[in-house]
file upload18.csv (CSV, C-alpha atoms (C1' of nucleotides))
chain,number,residue,atom,x,y,z
A,1,MET,CA,-8.5,85.0,9.1
A,2,PRO,CA,-7.7,87.9,6.9
A,3,ALA,CA,-8.4,87.7,3.2
A,4,VAL,CA,-5.4,88.0,1.0
A,5,ASP,CA,-4.9,90.0,-2.2
A,6,THR,CA,-7.4,92.6,-1.0
A,7,PRO,CA,-4.4,95.0,-1.3
A,8,GLN,CA,-4.5,96.1,2.4
A,9,PRO,CA,-5.8,99.7,1.8
A,10,SER,CA,-2.6,101.5,2.7
A,11,PRO,CA,-0.5,99.2,4.8
A,12,ARG,CA,0.7,101.5,7.5
A,13,CYS,CA,1.0,103.9,4.6
A,14,GLY,CA,4.6,104.7,3.8
A,15,GLU,CA,6.9,101.8,3.5
A,16,ASP,CA,5.9,99.8,0.4
A,17,ALA,CA,3.7,102.2,-1.6
A,18,ALA,CA,5.9,101.8,-4.7
A,19,ASP,CA,3.1,100.7,-7.0
A,20,ALA,CA,2.4,97.0,-6.2
A,21,PRO,CA,1.2,96.4,-2.6
A,22,ALA,CA,3.1,93.1,-2.5
A,23,PRO,CA,0.4,90.9,-0.9
A,24,ARG,CA,2.6,88.6,1.1
A,25,LEU,CA,1.3,85.1,1.2
A,26,ASP,CA,1.4,82.8,4.2
A,27,THR,CA,3.5,79.7,3.1
A,28,ARG,CA,5.0,79.2,6.6
A,29,PHE,CA,3.8,75.7,7.0
A,30,LEU,CA,5.2,74.4,3.7
A,31,GLU,CA,8.4,76.2,4.5
A,32,SER,CA,8.7,74.4,7.8
A,33,LEU,CA,8.8,71.0,6.0
A,34,ILE,CA,12.1,69.2,5.3
A,35,GLY,CA,10.7,67.7,2.1
A,36,TYR,CA,9.6,71.1,0.8
A,37,ASN,CA,13.0,72.7,1.5
A,38,ALA,CA,15.0,69.7,0.3
A,39,ARG,CA,13.1,69.7,-3.0
A,40,ARG,CA,13.5,73.4,-3.6
A,41,ALA,CA,17.2,73.3,-2.8
A,42,ALA,CA,17.7,70.3,-5.0
A,43,LEU,CA,15.9,72.0,-7.9
A,44,ALA,CA,18.0,75.1,-7.4
A,45,ILE,CA,21.3,73.3,-7.4
A,46,ILE,CA,20.2,71.0,-10.3
A,47,GLY,CA,19.4,74.1,-12.3
A,48,HIS,CA,23.0,75.2,-11.9
A,49,VAL,CA,24.3,71.8,-12.8
A,50,LEU,CA,22.1,71.8,-15.9
A,51,GLN,CA,23.8,75.0,-17.1
A,52,ARG,CA,27.3,73.6,-16.5
A,53,LEU,CA,26.4,70.4,-18.4
A,54,ALA,CA,24.7,72.1,-21.3
A,55,PRO,CA,28.0,72.8,-23.2
A,56,PHE,CA,28.6,69.1,-23.3
A,57,GLY,CA,25.1,68.4,-24.6
A,58,LEU,CA,24.4,66.4,-21.4
A,59,ARG,CA,21.4,66.4,-19.1
A,60,VAL,CA,21.7,65.4,-15.5
A,61,VAL,CA,20.7,61.8,-16.2
A,62,ASP,CA,23.1,61.5,-19.1
A,63,PHE,CA,25.9,62.7,-16.9
A,64,SER,CA,25.0,60.3,-14.1
A,65,VAL,CA,24.9,57.3,-16.4
A,66,LEU,CA,28.2,58.3,-18.1
A,67,THR,CA,29.8,58.9,-14.7
A,68,VAL,CA,28.7,55.6,-13.2
A,69,ILE,CA,30.0,53.7,-16.3
A,70,ALA,CA,33.3,55.7,-16.3
A,71,HIS,CA,33.9,54.9,-12.6
A,72,ASN,CA,32.8,51.2,-13.0
A,73,PRO,CA,34.2,49.8,-16.2
A,74,GLY,CA,32.3,46.7,-17.3
A,75,ILE,CA,29.2,47.6,-15.2
A,76,THR,CA,26.0,46.0,-16.5
A,77,SER,CA,22.8,47.8,-17.5
A,78,ARG,CA,21.0,46.3,-14.5
A,79,GLN,CA,23.6,47.6,-12.1
A,80,VAL,CA,23.4,51.1,-13.6
A,81,CYS,CA,19.6,50.9,-13.1
A,82,ALA,CA,20.0,49.8,-9.5
A,83,ALA,CA,22.6,52.5,-8.7
A,84,LEU,CA,20.7,55.4,-10.3
A,85,ASP,CA,17.1,54.2,-9.7
A,86,ILE,CA,16.3,54.0,-13.4
A,87,LEU,CA,14.0,51.4,-14.8
A,88,PRO,CA,15.6,49.1,-17.3
A,89,PRO,CA,13.4,50.1,-20.2
A,90,ASN,CA,14.2,53.7,-19.7
A,91,LEU,CA,17.9,53.1,-19.6
A,92,VAL,CA,18.0,51.6,-23.1
A,93,GLY,CA,17.6,54.9,-24.9
A,94,LEU,CA,20.1,56.7,-22.6
A,95,VAL,CA,22.8,54.2,-23.3
A,96,ARG,CA,22.0,54.1,-27.0
A,97,ALA,CA,22.4,57.8,-27.2
A,98,LEU,CA,25.8,57.7,-25.5
A,99,GLU,CA,26.9,54.9,-27.8
A,100,ARG,CA,25.9,56.9,-30.9
A,101,ARG,CA,28.0,59.8,-29.7
A,102,GLY,CA,30.9,57.4,-29.4
A,103,TRP,CA,31.3,57.9,-25.6
A,104,VAL,CA,30.1,54.5,-24.4
A,105,GLU,CA,30.5,51.0,-25.8
A,106,LYS,CA,29.3,47.5,-25.0
A,107,ARG,CA,31.4,44.4,-24.8
A,108,GLY,CA,30.3,40.9,-24.2
A,109,HIS,CA,30.2,39.9,-20.6
A,110,PRO,CA,33.0,37.4,-19.8
A,111,THR,CA,30.9,34.9,-17.9
A,112,ASP,CA,27.2,35.7,-18.6
A,113,ARG,CA,26.3,35.7,-22.3
A,114,ARG,CA,23.0,37.4,-21.5
A,115,ALA,CA,24.7,40.5,-20.0
A,116,GLN,CA,26.9,43.1,-21.6
A,117,GLY,CA,29.6,45.2,-19.9
A,118,LEU,CA,29.5,48.9,-20.4
A,119,TYR,CA,32.7,50.9,-20.9
A,120,VAL,CA,33.5,54.5,-21.7
A,121,THR,CA,35.6,55.1,-24.8
A,122,PRO,CA,38.7,57.4,-24.6
A,123,GLN,CA,36.5,60.3,-25.9
A,124,GLY,CA,33.8,59.4,-23.4
A,125,ALA,CA,36.3,59.4,-20.6
A,126,GLU,CA,37.6,62.8,-21.6
A,127,VAL,CA,34.1,64.3,-21.8
A,128,GLN,CA,33.1,62.7,-18.5
A,129,ALA,CA,36.3,64.1,-16.8
A,130,GLN,CA,35.6,67.6,-18.1
A,131,ALA,CA,32.0,67.5,-17.1
A,132,GLN,CA,32.8,66.1,-13.7
A,133,ALA,CA,35.3,68.9,-13.2
A,134,GLN,CA,32.6,71.5,-14.0
A,135,VAL,CA,30.1,69.9,-11.7
A,136,GLY,CA,32.6,69.5,-9.0
A,137,ALA,CA,33.7,73.1,-9.2
A,138,LEU,CA,30.1,74.1,-8.8
A,139,GLU,CA,29.9,72.5,-5.4
A,140,THR,CA,32.5,74.7,-3.9
A,141,SER,CA,31.5,77.8,-5.8
A,142,ASP,CA,29.5,80.5,-4.2
A,143,VAL,CA,26.3,79.8,-5.9
A,144,THR,CA,25.6,77.3,-3.1
A,145,HIS,CA,26.0,80.0,-0.6
A,146,LEU,CA,27.7,77.5,1.7
A,147,ASP,CA,31.2,77.2,3.1
A,148,ALA,CA,33.1,74.0,3.4
A,149,GLY,CA,31.9,73.2,6.9
A,150,GLU,CA,28.2,73.9,6.1
A,151,ARG,CA,28.5,71.8,3.0
A,152,ALA,CA,29.9,68.8,5.0
A,153,THR,CA,27.2,69.2,7.7
A,154,LEU,CA,24.4,69.4,5.1
A,155,ILE,CA,25.5,66.3,3.2
A,156,ARG,CA,25.8,64.4,6.5
A,157,LEU,CA,22.3,65.3,7.5
A,158,LEU,CA,20.8,64.6,4.0
A,159,ARG,CA,22.5,61.2,4.0
A,160,LYS,CA,21.1,60.5,7.4
A,161,ILE,CA,17.6,61.0,6.1
A,162,TYR,CA,17.7,58.6,3.2
A,163,LEU,CA,20.2,56.1,4.6
A,164,GLY,CA,19.2,56.1,8.2
A,165,PRO,CA,21.4,56.8,11.3
A,166,ASP,CA,23.9,54.1,10.2
A,167,ALA,CA,25.3,56.1,7.3
B,168,MET,CA,41.0,50.6,-13.3
B,169,PRO,CA,39.5,47.4,-12.1
B,170,ALA,CA,36.5,46.0,-13.9
B,171,VAL,CA,33.3,45.6,-12.0
B,172,ASP,CA,30.9,42.7,-11.9
B,173,THR,CA,33.7,40.3,-12.7
B,174,PRO,CA,32.9,38.8,-9.4
B,175,GLN,CA,36.4,39.2,-8.0
B,176,PRO,CA,37.4,35.5,-7.9
B,177,SER,CA,37.3,34.9,-4.2
B,178,PRO,CA,37.7,38.4,-2.6
B,179,ARG,CA,40.2,37.7,0.1
B,180,CYS,CA,38.3,34.4,0.3
B,181,GLY,CA,36.2,34.2,3.4
B,182,GLU,CA,34.2,37.2,4.4
B,183,ASP,CA,31.4,37.5,1.8
B,184,ALA,CA,31.2,34.1,0.1
B,185,ALA,CA,27.5,33.8,0.9
B,186,ASP,CA,26.3,33.3,-2.7
B,187,ALA,CA,26.3,36.8,-4.2
B,188,PRO,CA,29.7,38.4,-4.3
B,189,ALA,CA,28.0,41.9,-3.9
B,190,PRO,CA,30.0,43.8,-6.5
B,191,ARG,CA,30.1,47.2,-4.7
B,192,LEU,CA,29.9,50.0,-7.2
B,193,ASP,CA,31.8,53.2,-7.0
B,194,THR,CA,29.3,56.1,-6.8
B,195,ARG,CA,31.4,58.2,-4.6
B,196,PHE,CA,31.5,61.3,-6.9
B,197,LEU,CA,27.7,61.5,-7.2
B,198,GLU,CA,27.4,60.9,-3.4
B,199,SER,CA,29.6,63.9,-2.8
B,200,LEU,CA,27.2,66.3,-4.6
B,201,ILE,CA,24.7,68.4,-2.7
B,202,GLY,CA,22.2,68.2,-5.5
B,203,TYR,CA,22.4,64.4,-5.6
B,204,ASN,CA,21.9,64.1,-1.8
B,205,ALA,CA,19.2,66.7,-1.6
B,206,ARG,CA,17.3,65.0,-4.4
B,207,ARG,CA,17.5,61.6,-2.7
B,208,ALA,CA,16.6,63.0,0.7
B,209,ALA,CA,13.6,64.9,-0.8
B,210,LEU,CA,12.4,61.7,-2.6
B,211,ALA,CA,12.7,59.7,0.6
B,212,ILE,CA,10.8,62.2,2.7
B,213,ILE,CA,8.2,62.8,0.0
B,214,GLY,CA,7.6,59.1,-0.1
B,215,HIS,CA,6.6,59.1,3.5
B,216,VAL,CA,4.4,62.2,3.0
B,217,LEU,CA,2.8,60.4,0.2
B,218,GLN,CA,1.8,57.6,2.5
B,219,ARG,CA,0.4,59.9,5.2
B,220,LEU,CA,-1.7,61.8,2.6
B,221,ALA,CA,-3.0,58.7,0.8
B,222,PRO,CA,-5.9,58.1,3.3
B,223,PHE,CA,-7.2,61.6,2.4
B,224,GLY,CA,-7.0,60.9,-1.3
B,225,LEU,CA,-4.4,63.7,-1.7
B,226,ARG,CA,-1.2,63.8,-3.5
B,227,VAL,CA,1.6,66.2,-2.5
B,228,VAL,CA,0.5,68.8,-5.1
B,229,ASP,CA,-3.1,68.6,-4.0
B,230,PHE,CA,-2.1,69.1,-0.4
B,231,SER,CA,0.1,72.0,-1.2
B,232,VAL,CA,-2.6,73.8,-3.2
B,233,LEU,CA,-5.3,73.0,-0.5
B,234,THR,CA,-2.9,74.3,2.2
B,235,VAL,CA,-2.0,77.5,0.4
B,236,ILE,CA,-5.7,78.2,-0.2
B,237,ALA,CA,-6.6,77.4,3.4
B,238,HIS,CA,-3.9,79.7,4.8
B,239,ASN,CA,-4.6,82.5,2.4
B,240,PRO,CA,-8.4,82.9,1.9
B,241,GLY,CA,-9.3,84.7,-1.3
B,242,ILE,CA,-6.0,83.9,-2.9
B,243,THR,CA,-6.2,84.0,-6.7
B,244,SER,CA,-5.1,81.2,-9.1
B,245,ARG,CA,-2.1,83.3,-10.3
B,246,GLN,CA,-0.9,83.7,-6.7
B,247,VAL,CA,-1.2,80.0,-6.1
B,248,CYS,CA,0.8,79.3,-9.2
B,249,ALA,CA,3.5,81.8,-8.2
B,250,ALA,CA,3.8,80.4,-4.7
B,251,LEU,CA,4.0,76.8,-5.7
B,252,ASP,CA,5.7,77.2,-9.0
B,253,ILE,CA,2.8,75.7,-11.0
B,254,LEU,CA,2.0,76.8,-14.5
B,255,PRO,CA,-1.5,78.3,-14.7
B,256,PRO,CA,-2.8,75.7,-17.3
B,257,ASN,CA,-1.8,72.9,-14.9
B,258,LEU,CA,-3.5,74.4,-11.9
B,259,VAL,CA,-6.9,74.4,-13.5
B,260,GLY,CA,-7.5,70.7,-13.2
B,261,LEU,CA,-6.1,70.6,-9.6
B,262,VAL,CA,-8.5,73.3,-8.4
B,263,ARG,CA,-11.4,71.8,-10.3
B,264,ALA,CA,-10.8,68.4,-8.6
B,265,LEU,CA,-10.8,70.1,-5.2
B,266,GLU,CA,-14.0,71.9,-6.1
B,267,ARG,CA,-15.7,68.7,-7.2
B,268,ARG,CA,-14.9,67.2,-3.8
B,269,GLY,CA,-16.5,70.1,-2.1
B,270,TRP,CA,-13.2,71.3,-0.4
B,271,VAL,CA,-12.6,74.5,-2.4
B,272,GLU,CA,-14.9,77.1,-3.9
B,273,LYS,CA,-14.4,80.2,-6.0
B,274,ARG,CA,-16.1,83.5,-5.3
B,275,GLY,CA,-16.0,86.6,-7.4
B,276,HIS,CA,-13.0,88.9,-6.7
B,277,PRO,CA,-14.2,92.1,-5.0
B,278,THR,CA,-12.2,94.5,-7.2
B,279,ASP,CA,-11.1,92.6,-10.3
B,280,ARG,CA,-13.8,90.9,-12.3
B,281,ARG,CA,-11.3,88.9,-14.2
B,282,ALA,CA,-10.0,87.1,-11.1
B,283,GLN,CA,-11.7,84.8,-8.7
B,284,GLY,CA,-10.9,84.3,-5.0
B,285,LEU,CA,-10.3,80.8,-3.8
B,286,TYR,CA,-11.6,79.6,-0.4
B,287,VAL,CA,-11.7,76.4,1.4
B,288,THR,CA,-15.1,75.1,2.5
B,289,PRO,CA,-15.7,74.0,6.1
B,290,GLN,CA,-15.1,70.4,5.0
B,291,GLY,CA,-12.0,71.5,3.0
B,292,ALA,CA,-10.7,73.2,6.1
B,293,GLU,CA,-11.3,70.1,8.2
B,294,VAL,CA,-9.5,67.8,5.7
B,295,GLN,CA,-6.6,70.3,5.4
B,296,ALA,CA,-6.2,70.5,9.1
B,297,GLN,CA,-6.1,66.7,9.5
B,298,ALA,CA,-3.7,66.3,6.6
B,299,GLN,CA,-1.5,69.0,7.9
B,300,ALA,CA,-1.4,67.4,11.3
B,301,GLN,CA,-0.3,64.1,9.7
B,302,VAL,CA,2.4,65.8,7.6
B,303,GLY,CA,3.5,67.9,10.6
B,304,ALA,CA,3.8,64.8,12.8
B,305,LEU,CA,5.9,63.2,10.2
B,306,GLU,CA,8.6,65.9,10.5
B,307,THR,CA,9.3,65.2,14.1
B,308,SER,CA,8.9,61.4,13.8
B,309,ASP,CA,11.9,59.2,13.7
B,310,VAL,CA,11.6,58.3,10.0
B,311,THR,CA,13.6,61.4,9.4
B,312,HIS,CA,16.4,60.1,11.6
B,313,LEU,CA,17.0,63.7,12.8
B,314,ASP,CA,16.6,65.4,16.2
B,315,ALA,CA,15.2,68.8,16.6
B,316,GLY,CA,18.6,70.5,16.4
B,317,GLU,CA,19.6,68.7,13.3
B,318,ARG,CA,16.3,69.4,11.7
B,319,ALA,CA,16.7,73.2,12.4
B,320,THR,CA,20.2,73.2,11.0
B,321,LEU,CA,19.2,71.2,7.9
B,322,ILE,CA,16.4,73.6,7.1
B,323,ARG,CA,18.5,76.6,7.6
B,324,LEU,CA,21.2,75.3,5.2
B,325,LEU,CA,18.7,74.2,2.6
B,326,ARG,CA,17.0,77.7,2.7
B,327,LYS,CA,20.4,79.3,2.3
B,328,ILE,CA,20.9,77.4,-0.9
B,329,TYR,CA,17.7,78.4,-2.7
B,330,LEU,CA,17.2,81.8,-1.1
B,331,GLY,CA,20.8,83.0,-0.8
B,332,PRO,CA,22.7,84.1,2.4
B,333,ASP,CA,20.0,86.7,3.1
B,334,ALA,CA,17.4,84.2,4.1
C,335,DT,C1',-1.6,96.9,-24.4
C,336,DA,C1',-1.4,93.8,-20.4
C,337,DT,C1',-3.4,90.3,-17.3
C,338,DT,C1',-6.7,86.4,-15.4
C,339,DG,C1',-8.4,82.2,-16.2
C,340,DT,C1',-8.9,78.8,-19.5
C,341,DT,C1',-8.6,75.2,-23.6
C,342,DA,C1',-6.0,72.4,-26.4
C,343,DT,C1',-1.9,70.3,-27.2
C,344,DA,C1',2.9,68.8,-27.2
C,345,DC,C1',6.7,67.1,-24.9
C,346,DT,C1',9.2,64.8,-21.3
C,347,DC,C1',9.6,61.6,-17.6
C,348,DT,C1',8.2,57.5,-15.4
C,349,DA,C1',5.9,53.0,-15.2
C,350,DT,C1',4.0,48.3,-16.9
C,351,DA,C1',3.5,44.2,-19.9
C,352,DA,C1',5.6,41.2,-22.6
C,353,DC,C1',9.1,39.2,-25.6
C,354,DT,C1',14.2,36.8,-26.6
C,355,DA,C1',18.1,34.7,-25.2
C,356,DT,C1',20.5,32.9,-21.9
C,357,DA,C1',21.2,31.0,-17.0
D,358,DT,C1',12.0,28.8,-13.3
D,359,DA,C1',14.5,33.1,-13.1
D,360,DT,C1',17.3,36.9,-15.0
D,361,DA,C1',19.5,40.5,-18.7
D,362,DG,C1',18.3,43.3,-22.2
D,363,DT,C1',14.9,45.0,-25.1
D,364,DT,C1',10.4,46.7,-27.4
D,365,DA,C1',6.1,48.9,-27.3
D,366,DT,C1',3.1,51.5,-24.8
D,367,DA,C1',0.5,53.7,-21.2
D,368,DG,C1',0.4,57.3,-17.8
D,369,DA,C1',1.9,61.2,-15.1
D,370,DG,C1',4.2,65.5,-15.1
D,371,DT,C1',5.5,69.7,-17.3
D,372,DA,C1',5.6,73.1,-21.1
D,373,DT,C1',3.9,76.4,-25.0
D,374,DA,C1',0.3,78.8,-27.9
D,375,DA,C1',-3.8,81.0,-28.2
D,376,DC,C1',-8.3,82.6,-26.9
D,377,DA,C1',-12.3,85.5,-24.2
D,378,DA,C1',-13.1,88.6,-20.7
D,379,DT,C1',-11.5,92.4,-18.2
D,380,DA,C1',-8.1,95.8,-16.6

call {"tool": "encode", "arguments": {"input": "upload18.csv", "output": "structure tokens"}}
result
Amino acid sequence: MPAVDTPQPSPRCGEDAADAPAPRLDTRFLESLIGYNARRAALAIIGHVLQRLAPFGLRVVDFSVLTVIAHNPGITSRQVCAALDILPPNLVGLVRALERRGWVEKRGHPTDRRAQGLYVTPQGAEVQAQAQAQVGALETSDVTHLDAGERATLIRLLRKIYLGPDA
Amino acid sequence: MPAVDTPQPSPRCGEDAADAPAPRLDTRFLESLIGYNARRAALAIIGHVLQRLAPFGLRVVDFSVLTVIAHNPGITSRQVCAALDILPPNLVGLVRALERRGWVEKRGHPTDRRAQGLYVTPQGAEVQAQAQAQVGALETSDVTHLDAGERATLIRLLRKIYLGPDA
DNA sequence: TATTGTTATACTCTATAACTATA
DNA sequence: TATAGTTATAGAGTATAACAATA
């Protein structure tokens, strides 16, 4: 096996002699893995989402929680946790922050006095709608480098992975 | 908008009256996002990888570092960091742990006395090879729910996302 | 002056134990 | 007894500042 970083004393001498010999690394195995590629793609996309949400002062989790509440009025904390794979103790602060900003409010649950229903306020609904529009626009923008057909195929295959063939 | 979790007093009365009314949540928007699906798929796959690596006492990061070193003898710490997107201070402990287990060793760099070349020991190479075989076998196993063609398509689309059209 | 490897440290994210009030 | 929401806290993961040795 050839050692790396020993800058290959003149590599065929005449194509990459700028000033850094660019010692290409062998990462072929990792690049052949679904998990590796899915993770890198997810981080890339989420980076873009992050930028689009920044003007609203929202992180990805905040947006996810706000969105699930907006689309499911009266949802309970436990249900939000189950839907987004968040542990109950970690949701408390998230919801509290959204409450403090006047975007979410709790109302007593009609039948279970232990639980509380979560609702977006009119302001919360407005912010969520605008944020959702931004994030939605990102999907079809060219930063994904995908056309509509590729996007549909990709999502179908990704869902197959985590939901099984019966998706 | 309909409230959720108000258990829909008899939902058409006769198809889901087991004992839990199964209050389906609306998560359609999130499920339409590439980032959401890529992240969930990555977490699902990585969960499986985790199990396959556990017998070796390796986490995913450990395996990644060990693999990059095994495939690139003499690679420097900075290069490992760049390849795997790890910050230098955080790599120190990872490499030290691999050294303590006798799987990786440092040798002085031939031309730069600041740097050190990283190498796998014979035992390290053996462990890496076995772990790689396990992880590789996982890719083509049926836990991914994908056939060879789907897998190739998926990886191509994922790479397009984080590398651009010129992948 | 810039870079390699390193220490120390802070910050965020995630996970566990345990409490209360209801069911 | 079990569950919803909560507190406090522990642990993992990730980030910044700064230093010694070398380029």

call {"tool": "atom_distance", "arguments": {"input": "upload18.csv", "atom1": "atom CA of Gly284 of chain B", "atom2": "atom CA of Glu272 of chain B"}}
result
8.3 Å

call {"tool": "interface_residues", "arguments": {"input": "upload18.csv", "of": "chain D", "to": "chain B", "cutoff": "10 Å", "atoms": "only C-alpha atoms (C1' of nucleotides)", "output": "PyMOL selection string"}}
result
chain D and resi 370-372+378-380

call {"tool": "atom_distance", "arguments": {"input": "upload18.csv", "atom1": "atom CA of Arg318 of chain B", "atom2": "atom CA of Arg206 of chain B"}}
result
16.7 Å

call {"tool": "atom_distance", "arguments": {"input": "upload18.csv", "atom1": "atom CA of Val271 of chain B", "atom2": "atom CA of Leu217 of chain B"}}
result
21.0 Å

call {"tool": "interface_residues", "arguments": {"input": "upload18.csv", "of": "chain C", "to": "chain B", "cutoff": "10 Å", "atoms": "all atoms listed in the file", "output": "ChimeraX atom specification"}}
result
/C:337-341

call {"tool": "interface_residues", "arguments": {"input": "upload18.csv", "of": "chain B", "to": "chain A", "cutoff": "8 Å", "atoms": "only C-alpha atoms", "output": "ChimeraX atom specification"}}
result
/B:168-173,192-194,197,199-213,231,235,238-243,250,277,303,306,310-313,317-318,321-322,324-329,331-332

call {"tool": "residues_around", "arguments": {"input": "upload18.csv", "residues": "DT366 of chain D", "least_positions_apart": "3", "cutoff": "12 Å", "atoms": "all atoms listed in the file", "output": "list of chain:residue names"}}
result
A:Pro89, C:DA349, C:DT350, C:DA351, C:DA352

call {"tool": "closest_residue", "arguments": {"input": "upload18.csv", "among": "A:Asp85, A:Val65, A:Gly149, A:Gln130", "to": "Leu98 of chain A", "atoms": "only C-alpha atoms"}}
result
A:Val65

call {"tool": "residues_near_point", "arguments": {"input": "upload18.csv", "point": "(-6.1, 68.6, 3.7)", "cutoff": "10 Å", "atoms": "all atoms listed in the file", "output": "PyMOL selection string"}}
result
chain B and resi 220+223-226+229-234+237+270+287+290-302

call {"tool": "build_atoms", "arguments": {"input": "upload18.csv", "residues": "segment 288-304 of chain B", "atoms": "N, CA and C atoms", "output": "PDB file, in the frame of the given file"}}
result
ATOM      1  N   THR B 288     -13.841  75.300   1.824  1.00  0.00           N
ATOM      2  CA  THR B 288     -15.100  75.100   2.500  1.00  0.00           C
ATOM      3  C   THR B 288     -14.865  74.611   3.908  1.00  0.00           C
ATOM      4  N   PRO B 289     -15.872  74.571   4.774  1.00  0.00           N
ATOM      5  CA  PRO B 289     -15.700  74.000   6.100  1.00  0.00           C
ATOM      6  C   PRO B 289     -15.119  72.575   6.032  1.00  0.00           C
ATOM      7  N   GLN B 290     -15.653  71.755   5.106  1.00  0.00           N
ATOM      8  CA  GLN B 290     -15.100  70.400   5.000  1.00  0.00           C
ATOM      9  C   GLN B 290     -13.662  70.436   4.491  1.00  0.00           C
ATOM     10  N   GLY B 291     -13.385  71.342   3.547  1.00  0.00           N
ATOM     11  CA  GLY B 291     -12.000  71.500   3.000  1.00  0.00           C
ATOM     12  C   GLY B 291     -11.067  71.870   4.152  1.00  0.00           C
ATOM     13  N   ALA B 292     -11.519  72.782   5.014  1.00  0.00           N
ATOM     14  CA  ALA B 292     -10.700  73.200   6.100  1.00  0.00           C
ATOM     15  C   ALA B 292     -10.381  72.072   7.058  1.00  0.00           C
ATOM     16  N   GLU B 293     -11.419  71.241   7.291  1.00  0.00           N
ATOM     17  CA  GLU B 293     -11.300  70.100   8.200  1.00  0.00           C
ATOM     18  C   GLU B 293     -10.253  69.091   7.620  1.00  0.00           C
ATOM     19  N   VAL B 294     -10.431  68.768   6.356  1.00  0.00           N
ATOM     20  CA  VAL B 294      -9.500  67.800   5.700  1.00  0.00           C
ATOM     21  C   VAL B 294      -8.085  68.381   5.723  1.00  0.00           C
ATOM     22  N   GLN B 295      -7.961  69.646   5.390  1.00  0.00           N
ATOM     23  CA  GLN B 295      -6.600  70.300   5.400  1.00  0.00           C
ATOM     24  C   GLN B 295      -5.964  70.205   6.723  1.00  0.00           C
ATOM     25  N   ALA B 296      -6.753  70.495   7.751  1.00  0.00           N
ATOM     26  CA  ALA B 296      -6.200  70.500   9.100  1.00  0.00           C
ATOM     27  C   ALA B 296      -5.712  69.119   9.507  1.00  0.00           C
ATOM     28  N   GLN B 297      -6.523  68.115   9.191  1.00  0.00           N
ATOM     29  CA  GLN B 297      -6.100  66.700   9.500  1.00  0.00           C
ATOM     30  C   GLN B 297      -4.886  66.322   8.755  1.00  0.00           C
ATOM     31  N   ALA B 298      -4.875  66.652   7.465  1.00  0.00           N
ATOM     32  CA  ALA B 298      -3.700  66.300   6.600  1.00  0.00           C
ATOM     33  C   ALA B 298      -2.468  67.005   7.124  1.00  0.00           C
ATOM     34  N   GLN B 299      -2.628  68.273   7.449  1.00  0.00           N
ATOM     35  CA  GLN B 299      -1.500  69.000   7.900  1.00  0.00           C
ATOM     36  C   GLN B 299      -0.939  68.449   9.226  1.00  0.00           C
ATOM     37  N   ALA B 300      -1.845  67.995  10.080  1.00  0.00           N
ATOM     38  CA  ALA B 300      -1.400  67.400  11.300  1.00  0.00           C
ATOM     39  C   ALA B 300      -0.587  66.135  11.062  1.00  0.00           C
ATOM     40  N   GLN B 301      -1.045  65.334  10.097  1.00  0.00           N
ATOM     41  CA  GLN B 301      -0.300  64.100   9.700  1.00  0.00           C
ATOM     42  C   GLN B 301       1.072  64.448   9.198  1.00  0.00           C
ATOM     43  N   VAL B 302       1.104  65.394   8.264  1.00  0.00           N
ATOM     44  CA  VAL B 302       2.400  65.800   7.600  1.00  0.00           C
ATOM     45  C   VAL B 302       3.297  66.408   8.683  1.00  0.00           C
ATOM     46  N   GLY B 303       2.722  67.228   9.537  1.00  0.00           N
ATOM     47  CA  GLY B 303       3.500  67.900  10.600  1.00  0.00           C
ATOM     48  C   GLY B 303       4.122  66.863  11.530  1.00  0.00           C
ATOM     49  N   ALA B 304       3.317  65.856  11.887  1.00  0.00           N
ATOM     50  CA  ALA B 304       3.800  64.800  12.800  1.00  0.00           C
ATOM     51  C   ALA B 304       4.944  64.043  12.222  1.00  0.00           C
TER      52      ALA B 304
END
